[in-house]
file model.txt (compact mmCIF, C-alpha atoms)
# COMPACT_ATOMS: atom_id res chain seq x y z
CA MET K 1 -15.38 -8.90 52.48
CA ASN K 2 -16.84 -10.71 49.48
CA THR K 3 -14.82 -12.44 46.78
CA GLY K 4 -15.62 -9.78 44.19
CA SER K 5 -14.30 -6.98 46.41
CA VAL K 6 -11.09 -8.90 47.13
CA GLN K 7 -10.53 -9.48 43.42
CA ASP K 8 -11.32 -5.84 42.60
CA GLN K 9 -8.64 -4.78 45.10
CA LEU K 10 -6.17 -7.19 43.54
CA LEU K 11 -6.87 -5.85 40.05
CA ALA K 12 -6.52 -2.26 41.32
CA GLU K 13 -3.13 -3.22 42.74
CA GLN K 14 -2.19 -4.77 39.40
CA ARG K 15 -3.06 -1.51 37.61
CA ALA K 16 -1.03 0.44 40.16
CA TYR K 17 1.95 -1.86 39.63
CA TYR K 18 2.08 -1.29 35.89
CA SER K 19 1.64 2.46 36.29
CA ALA K 20 4.52 2.54 38.79
CA LEU K 21 6.65 0.28 36.58
CA ALA K 22 6.01 2.25 33.39
CA PRO K 23 9.26 4.32 33.35
CA GLU K 24 11.36 1.16 33.70
CA TYR K 25 9.09 -1.34 31.98
CA LEU K 26 11.13 -1.63 28.81
CA ASP K 27 14.18 -2.52 30.93
CA GLN K 28 12.30 -5.23 32.85
CA GLY K 29 11.23 -7.52 30.03
CA LEU K 30 12.14 -11.15 29.86
CA ASP K 31 14.99 -12.17 27.60
CA LEU K 32 12.92 -13.90 24.94
CA PRO K 33 14.80 -16.74 23.23
CA CYS K 34 11.71 -17.06 21.04
CA GLY K 35 11.27 -13.34 20.36
CA ALA K 36 11.90 -13.67 16.64
CA GLU K 37 9.52 -16.64 16.48
CA LEU K 38 6.73 -14.66 18.14
CA ASN K 39 7.32 -11.71 15.83
CA ASP K 40 7.36 -13.98 12.79
CA ALA K 41 4.12 -15.64 13.91
CA LEU K 42 2.39 -12.27 14.17
CA ASP K 43 3.68 -11.20 10.76
CA ALA K 44 2.49 -14.48 9.24
CA PHE K 45 -0.93 -13.90 10.81
CA ARG K 46 -1.01 -10.47 9.10
CA PRO K 47 -3.23 -8.38 11.40
CA ALA K 48 -4.75 -6.33 8.56
CA GLY K 49 -7.64 -3.89 8.67
CA SER K 50 -8.77 -2.22 11.88
CA VAL K 51 -6.95 -3.67 14.88
CA LEU K 52 -7.83 -3.43 18.57
CA GLU K 53 -4.84 -3.86 20.86
CA LEU K 54 -5.85 -4.72 24.43
CA ALA K 55 -3.44 -3.76 27.23
CA CYS K 56 -0.97 -2.11 24.87
CA GLY K 57 1.41 -1.14 27.66
CA PRO K 58 4.31 0.98 26.37
CA GLY K 59 3.59 0.11 22.75
CA VAL K 60 6.01 -2.78 22.33
CA TRP K 61 3.71 -4.44 19.78
CA THR K 62 1.89 -1.37 18.44
CA ARG K 63 4.50 -0.50 15.85
CA GLN K 64 4.56 -4.06 14.53
CA LEU K 65 0.77 -4.03 14.23
CA LEU K 66 1.04 -0.84 12.17
CA ARG K 67 3.04 -2.72 9.54
CA HIS K 68 -0.18 -4.51 8.59
CA ALA K 69 -3.12 -2.59 10.06
CA SER K 70 -5.01 0.26 8.44
CA ASP K 71 -5.56 1.67 11.93
CA VAL K 72 -4.99 0.63 15.55
CA THR K 73 -6.99 1.36 18.69
CA ALA K 74 -4.70 0.74 21.66
CA VAL K 75 -6.32 0.42 25.09
CA ASP K 76 -4.61 0.39 28.48
CA ALA K 77 -5.59 1.26 32.05
CA SER K 78 -2.34 3.10 32.76
CA PRO K 79 -1.96 6.70 31.55
CA GLU K 80 1.77 6.39 32.17
CA MET K 81 2.01 3.41 29.83
CA LEU K 82 -0.14 5.13 27.20
CA ALA K 83 2.10 8.20 27.24
CA ILE K 84 5.14 6.03 26.55
CA ALA K 85 3.30 4.13 23.81
CA ALA K 86 2.24 7.36 22.12
CA SER K 87 5.83 8.60 22.14
CA ARG K 88 7.07 5.45 20.40
CA VAL K 89 4.82 5.48 17.34
CA PRO K 90 5.63 7.62 14.29
CA GLY K 91 3.99 11.01 14.07
CA GLY K 92 0.72 10.88 12.18
CA ALA K 93 0.39 7.11 12.61
CA PRO K 94 -3.25 5.94 12.53
CA VAL K 95 -3.38 5.04 16.22
CA ARG K 96 -6.07 5.96 18.75
CA PHE K 97 -5.03 5.55 22.38
CA VAL K 98 -7.76 4.87 24.93
CA GLU K 99 -7.33 4.89 28.72
CA ALA K 100 -9.72 2.31 30.17
CA ASP K 101 -10.01 -0.58 32.60
CA LEU K 102 -10.46 -3.65 30.42
CA PHE K 103 -12.69 -5.29 33.02
CA THR K 104 -15.31 -2.53 32.69
CA TRP K 105 -14.63 -1.04 29.23
CA GLU K 106 -17.04 -1.58 26.35
CA PRO K 107 -15.87 -1.19 22.73
CA ASP K 108 -17.52 1.56 20.71
CA ARG K 109 -17.04 -0.22 17.38
CA ARG K 110 -16.01 -3.57 15.87
CA TYR K 111 -12.59 -4.57 14.60
CA ASP K 112 -11.08 -6.96 12.10
CA VAL K 113 -8.47 -8.15 14.61
CA VAL K 114 -8.14 -8.19 18.39
CA PHE K 115 -4.55 -8.48 19.60
CA MET K 116 -3.22 -9.11 23.11
CA GLY K 117 0.48 -9.04 23.97
CA PHE K 118 1.24 -10.70 27.33
CA TRP K 119 -2.13 -9.76 28.80
CA LEU K 120 -4.27 -12.89 28.89
CA SER K 121 -2.31 -14.35 31.81
CA HIS K 122 -3.26 -11.27 33.87
CA VAL K 123 -6.98 -12.03 33.54
CA PRO K 124 -8.25 -13.91 36.63
CA ALA K 125 -9.62 -17.36 35.84
CA GLU K 126 -12.99 -16.28 37.28
CA ARG K 127 -13.19 -13.50 34.69
CA LEU K 128 -11.92 -15.42 31.67
CA GLU K 129 -15.39 -16.07 30.28
CA SER K 130 -16.59 -12.47 30.68
CA PHE K 131 -13.35 -11.20 29.19
CA TRP K 132 -13.89 -13.27 26.05
CA VAL K 133 -17.43 -11.88 25.84
CA LEU K 134 -15.72 -8.48 25.55
CA VAL K 135 -13.45 -9.81 22.80
CA ALA K 136 -16.46 -11.16 20.90
CA ALA K 137 -18.25 -7.83 21.24
CA ALA K 138 -15.23 -6.08 19.72
CA LEU K 139 -14.91 -8.35 16.69
CA ALA K 140 -16.45 -7.93 13.26
CA PRO K 141 -18.32 -11.02 11.94
CA ARG K 142 -15.15 -12.30 10.25
CA GLY K 143 -12.86 -10.97 12.93
CA ARG K 144 -9.74 -12.77 14.09
CA VAL K 145 -7.77 -12.97 17.34
CA PHE K 146 -4.05 -13.20 17.98
CA PHE K 147 -2.26 -13.23 21.32
CA VAL K 148 1.19 -13.93 22.71
CA ASP K 149 1.83 -14.77 26.35
CA ASP K 150 3.84 -16.79 28.84
CA GLY K 151 3.44 -18.70 32.07
CA TYR K 152 6.64 -17.39 33.65
CA ARG K 153 6.63 -17.05 37.43
CA THR K 154 9.70 -17.11 39.67
CA PRO K 155 9.67 -19.06 42.96
CA ASP K 156 9.98 -15.90 45.06
CA GLU K 157 6.86 -14.46 43.38
CA LEU K 158 4.67 -17.32 44.58
CA ILE K 159 3.60 -15.70 47.84
CA GLU K 160 0.45 -17.85 48.02
CA GLY K 161 2.01 -21.01 46.63
CA PRO K 162 2.19 -22.41 43.09
CA ALA K 163 -1.53 -23.27 43.00
CA SER K 164 -2.51 -19.60 43.30
CA SER K 165 -2.61 -17.15 40.40
CA THR K 166 -1.86 -14.26 42.78
CA ILE K 167 1.84 -13.42 42.78
CA GLN K 168 3.99 -10.59 44.09
CA ARG K 169 6.29 -8.45 41.98
CA ARG K 170 8.42 -5.48 42.90
CA THR K 171 9.22 -2.27 41.09
CA PRO K 172 12.91 -1.31 40.83
CA ASP K 173 12.62 0.78 44.02
CA GLY K 174 11.57 -2.35 45.93
CA THR K 175 7.87 -1.59 46.36
CA ALA K 176 5.83 -4.81 46.37
CA TYR K 177 2.57 -5.25 44.48
CA ARG K 178 0.25 -8.21 44.09
CA ILE K 179 -0.82 -9.03 40.56
CA VAL K 180 -2.56 -11.83 38.67
CA LYS K 181 -0.40 -14.26 36.71
CA VAL K 182 -2.21 -17.38 35.49
CA PRO K 183 0.34 -19.97 34.29
CA HIS K 184 -1.64 -21.20 31.30
CA GLU K 185 -0.60 -24.43 29.64
CA PRO K 186 -1.16 -24.10 25.86
CA ALA K 187 -3.20 -27.28 25.43
CA ASP K 188 -5.38 -26.52 28.44
CA LEU K 189 -5.92 -22.91 27.34
CA GLU K 190 -6.90 -24.09 23.86
CA ARG K 191 -9.45 -26.44 25.44
CA GLN K 192 -10.88 -23.70 27.66
CA LEU K 193 -11.27 -21.37 24.69
CA ARG K 194 -12.99 -24.10 22.69
CA GLU K 195 -15.48 -24.56 25.54
CA LEU K 196 -16.12 -20.80 25.42
CA GLY K 197 -16.93 -20.97 21.71
CA TRP K 198 -13.61 -20.10 20.11
CA ASP K 199 -11.63 -21.87 17.42
CA ILE K 200 -8.14 -20.80 18.47
CA THR K 201 -4.97 -22.81 18.09
CA VAL K 202 -2.47 -22.19 20.89
CA THR K 203 1.11 -22.90 19.81
CA PRO K 204 3.90 -23.38 22.38
CA THR K 205 7.40 -22.16 21.69
CA ALA K 206 10.64 -22.00 23.69
CA GLY K 207 10.31 -22.01 27.47
CA PRO K 208 7.02 -20.77 28.92
CA PHE K 209 5.99 -18.78 25.83
CA PHE K 210 3.14 -19.40 23.39
CA TRP K 211 0.89 -17.70 20.89
CA GLY K 212 -2.72 -18.18 19.87
CA ALA K 213 -4.52 -17.44 16.62
CA GLY K 214 -8.06 -18.01 15.43
CA ASN K 215 -11.62 -16.75 15.59
CA ARG K 216 -15.04 -17.52 17.00
CA ALA K 217 -16.19 -21.06 16.31
CA GLY K 218 -18.33 -21.07 13.20
CA ALA K 219 -17.24 -17.58 12.11
CA LEU K 220 -16.87 -17.03 8.39
CA CYS K 221 -13.20 -16.69 7.46

call {"tool": "encode", "arguments": {"input": "model.txt", "output": "structure tokens"}}
result
Amino acid sequence: MNTGSVQDQLLAEQRAYYSALAPEYLDQGLDLPCGAELNDALDAFRPAGSVLELACGPGVWTRQLLRHASDVTAVDASPEMLAIAASRVPGGAPVRFVEADLFTWEPDRRYDVVFMGFWLSHVPAERLESFWVLVAAALAPRGRVFFVDDGYRTPDELIEGPASSTIQRRTPDGTAYRIVKVPHEPADLERQLRELGWDITVTPTAGPFFWGAGNRAGALC
């Protein structure tokens, strides 16, 4: 079996995990000592205009984006997650929900802001460059990017050792799934993004958490 097929199976298992976890997802989140700091950083960034939210999950960040955005397109591979997200936004809110695999999806328009909440660490290192090609394709010429993420992995999740980005997580009923969790270090991630043509500052906060904000290198601001 070739490497691509193995990775495709892993990503399919990751999608299945989040679909299975959807009913309990909001009860499974990390206790964020820096939660207010992350929220404040996003508000200071002011994601105005048309916003694309990648991997929106159950809409944890969607409502905050709506405080600034004129409209939001929220994309996720899990219909279960999208149903929860849709139920959590106010009626009539300018949100378009799209069910799609982010590793094959192509945007149908350009946006002023691309936002990712705890998604980037689930992108395999081998697909990081192609993923950021997608982000570039989704951005308007003066478009901006903001993401929040973490490098949190428990010892019992490291089924292939700490050097591997493949971990194992379980749903509340005990079913095990393999998923991708890349433990990015902020400075190293900032360097990688610079090499890919992005001018993004990655700011660490308490524990394993960080956020990033910026745009394509040379983009008009």

call {"tool": "closest_residue", "arguments": {"input": "model.txt", "among": "K:Asp71, K:Asp156, K:Asp149, K:Glu185", "to": "Arg96 of chain K", "atoms": "all atoms listed in the file"}}
result
K:Asp71

call {"tool": "atom_distance", "arguments": {"input": "model.txt", "atom1": "atom CA of Met81 of chain K", "atom2": "atom CA of Asp8 of chain K"}}
result
20.6 Å

call {"tool": "closest_residue", "arguments": {"input": "model.txt", "among": "K:Val180, K:Leu66, K:Met116, K:Val89", "to": "Tyr18 of chain K", "atoms": "all atoms listed in the file"}}
result
K:Val180

call {"tool": "atom_distance", "arguments": {"input": "model.txt", "atom1": "atom CA of Arg144 of chain K", "atom2": "atom CA of Gly218 of chain K"}}
result
12.0 Å

call {"tool": "atom_distance", "arguments": {"input": "model.txt", "atom1": "atom CA of Leu52 of chain K", "atom2": "atom CA of Gly35 of chain K"}}
result
21.6 Å

call {"tool": "closest_residue", "arguments": {"input": "model.txt", "among": "K:Ile159, K:Ala138, K:Ala83, K:Val148", "to": "Asp108 of chain K", "atoms": "all atoms listed in the file"}}
result
K:Ala138

call {"tool": "residues_around", "arguments": {"input": "model.txt", "residues": "Ile167 of chain K", "least_positions_apart": "5", "cutoff": "6 Å", "atoms": "all atoms listed in the file", "output": "list of chain:residue names"}}
result
K:Glu157, K:Leu158, K:Ile159, K:Arg178, K:Ile179

call {"tool": "decode", "arguments": {"input": "model.txt", "residues": "segment 202-215 of chain K", "atoms": "all heavy atoms", "output": "mmCIF file, in the first residue's frame"}}
result
data_model
loop_
_atom_site.group_PDB
_atom_site.id
_atom_site.type_symbol
_atom_site.label_atom_id
_atom_site.label_comp_id
_atom_site.auth_asym_id
_atom_site.auth_seq_id
_atom_site.Cartn_x
_atom_site.Cartn_y
_atom_site.Cartn_z
ATOM 1 N N VAL K 202 3.315 34.039 14.770
ATOM 2 C CA VAL K 202 2.707 33.013 15.624
ATOM 3 C C VAL K 202 3.066 33.333 17.066
ATOM 4 O O VAL K 202 4.251 33.374 17.422
ATOM 5 C CB VAL K 202 3.177 31.605 15.232
ATOM 6 C CG1 VAL K 202 2.470 30.564 16.097
ATOM 7 C CG2 VAL K 202 2.904 31.339 13.753
ATOM 8 N N THR K 203 2.052 33.578 17.875
ATOM 9 C CA THR K 203 2.246 34.052 19.248
ATOM 10 C C THR K 203 1.879 32.962 20.248
ATOM 11 O O THR K 203 0.735 32.507 20.277
ATOM 12 C CB THR K 203 1.368 35.288 19.515
ATOM 13 O OG1 THR K 203 1.685 36.310 18.563
ATOM 14 C CG2 THR K 203 1.584 35.816 20.924
ATOM 15 N N PRO K 204 2.845 32.514 21.069
ATOM 16 C CA PRO K 204 2.519 31.516 22.095
ATOM 17 C C PRO K 204 1.790 32.146 23.263
ATOM 18 O O PRO K 204 1.924 33.343 23.539
ATOM 19 C CB PRO K 204 3.900 31.000 22.530
ATOM 20 C CG PRO K 204 4.819 32.158 22.270
ATOM 21 C CD PRO K 204 4.272 32.873 21.067
ATOM 22 N N THR K 205 1.000 31.336 23.941
ATOM 23 C CA THR K 205 0.329 31.783 25.154
ATOM 24 C C THR K 205 0.484 30.676 26.192
ATOM 25 O O THR K 205 1.415 29.876 26.097
ATOM 26 C CB THR K 205 -1.134 32.139 24.858
ATOM 27 O OG1 THR K 205 -1.745 32.644 26.045
ATOM 28 C CG2 THR K 205 -1.922 30.964 24.335
ATOM 29 N N ALA K 206 -0.402 30.614 27.175
ATOM 30 C CA ALA K 206 -0.239 29.652 28.261
ATOM 31 C C ALA K 206 -0.251 28.216 27.754
ATOM 32 O O ALA K 206 -1.029 27.866 26.861
ATOM 33 C CB ALA K 206 -1.352 29.852 29.296
ATOM 34 N N GLY K 207 0.626 27.374 28.315
ATOM 35 C CA GLY K 207 0.640 25.965 27.977
ATOM 36 C C GLY K 207 0.983 25.736 26.515
ATOM 37 O O GLY K 207 1.846 26.393 25.943
ATOM 38 N N PRO K 208 0.275 24.801 25.871
ATOM 39 C CA PRO K 208 0.614 24.449 24.490
ATOM 40 C C PRO K 208 -0.123 25.286 23.444
ATOM 41 O O PRO K 208 -0.092 24.963 22.270
ATOM 42 C CB PRO K 208 0.145 22.985 24.404
ATOM 43 C CG PRO K 208 -1.066 22.961 25.300
ATOM 44 C CD PRO K 208 -0.758 23.918 26.437
ATOM 45 N N PHE K 209 -0.764 26.367 23.850
ATOM 46 C CA PHE K 209 -1.642 27.112 22.952
ATOM 47 C C PHE K 209 -0.911 28.262 22.260
ATOM 48 O O PHE K 209 0.067 28.799 22.766
ATOM 49 C CB PHE K 209 -2.850 27.653 23.723
ATOM 50 C CG PHE K 209 -3.617 26.566 24.413
ATOM 51 C CD1 PHE K 209 -3.396 26.293 25.756
ATOM 52 C CD2 PHE K 209 -4.536 25.803 23.721
ATOM 53 C CE1 PHE K 209 -4.084 25.277 26.397
ATOM 54 C CE2 PHE K 209 -5.233 24.782 24.353
ATOM 55 C CZ PHE K 209 -4.998 24.508 25.691
ATOM 56 N N PHE K 210 -1.426 28.634 21.080
ATOM 57 C CA PHE K 210 -0.841 29.750 20.337
ATOM 58 C C PHE K 210 -1.857 30.268 19.343
ATOM 59 O O PHE K 210 -2.863 29.608 19.059
ATOM 60 C CB PHE K 210 0.440 29.313 19.616
ATOM 61 C CG PHE K 210 0.282 28.112 18.721
ATOM 62 C CD1 PHE K 210 -0.158 28.242 17.404
ATOM 63 C CD2 PHE K 210 0.580 26.829 19.179
ATOM 64 C CE1 PHE K 210 -0.301 27.136 16.572
ATOM 65 C CE2 PHE K 210 0.439 25.717 18.361
ATOM 66 C CZ PHE K 210 -0.006 25.881 17.049
ATOM 67 N N TRP K 211 -1.585 31.467 18.814
ATOM 68 C CA TRP K 211 -2.387 31.952 17.703
ATOM 69 C C TRP K 211 -1.464 32.551 16.657
ATOM 70 O O TRP K 211 -0.328 32.929 16.932
ATOM 71 C CB TRP K 211 -3.431 32.974 18.160
ATOM 72 C CG TRP K 211 -2.934 34.368 18.419
ATOM 73 C CD1 TRP K 211 -2.686 35.365 17.518
ATOM 74 C CD2 TRP K 211 -2.656 34.942 19.713
ATOM 75 N NE1 TRP K 211 -2.259 36.504 18.148
ATOM 76 C CE2 TRP K 211 -2.233 36.285 19.495
ATOM 77 C CE3 TRP K 211 -2.726 34.452 21.015
ATOM 78 C CZ2 TRP K 211 -1.888 37.119 20.546
ATOM 79 C CZ3 TRP K 211 -2.373 35.291 22.060
ATOM 80 C CH2 TRP K 211 -1.962 36.609 21.813
ATOM 81 N N GLY K 212 -1.980 32.627 15.433
ATOM 82 C CA GLY K 212 -1.224 33.210 14.331
ATOM 83 C C GLY K 212 -2.057 34.209 13.581
ATOM 84 O O GLY K 212 -3.271 34.036 13.422
ATOM 85 N N ALA K 213 -1.428 35.269 13.121
ATOM 86 C CA ALA K 213 -2.134 36.323 12.373
ATOM 87 C C ALA K 213 -1.206 36.907 11.338
ATOM 88 O O ALA K 213 -0.026 37.148 11.603
ATOM 89 C CB ALA K 213 -2.633 37.406 13.320
ATOM 90 N N GLY K 214 -1.749 37.147 10.143
ATOM 91 C CA GLY K 214 -0.940 37.758 9.087
ATOM 92 C C GLY K 214 -1.565 37.595 7.720
ATOM 93 O O GLY K 214 -2.781 37.439 7.586
ATOM 94 N N ASN K 215 -0.710 37.595 6.706
ATOM 95 C CA ASN K 215 -1.187 37.515 5.325
ATOM 96 C C ASN K 215 -0.076 36.938 4.448
ATOM 97 O O ASN K 215 0.986 36.556 4.938
ATOM 98 C CB ASN K 215 -1.643 38.891 4.828
ATOM 99 C CG ASN K 215 -0.597 39.969 5.110
ATOM 100 O OD1 ASN K 215 0.604 39.702 5.127
ATOM 101 N ND2 ASN K 215 -1.039 41.182 5.364
#
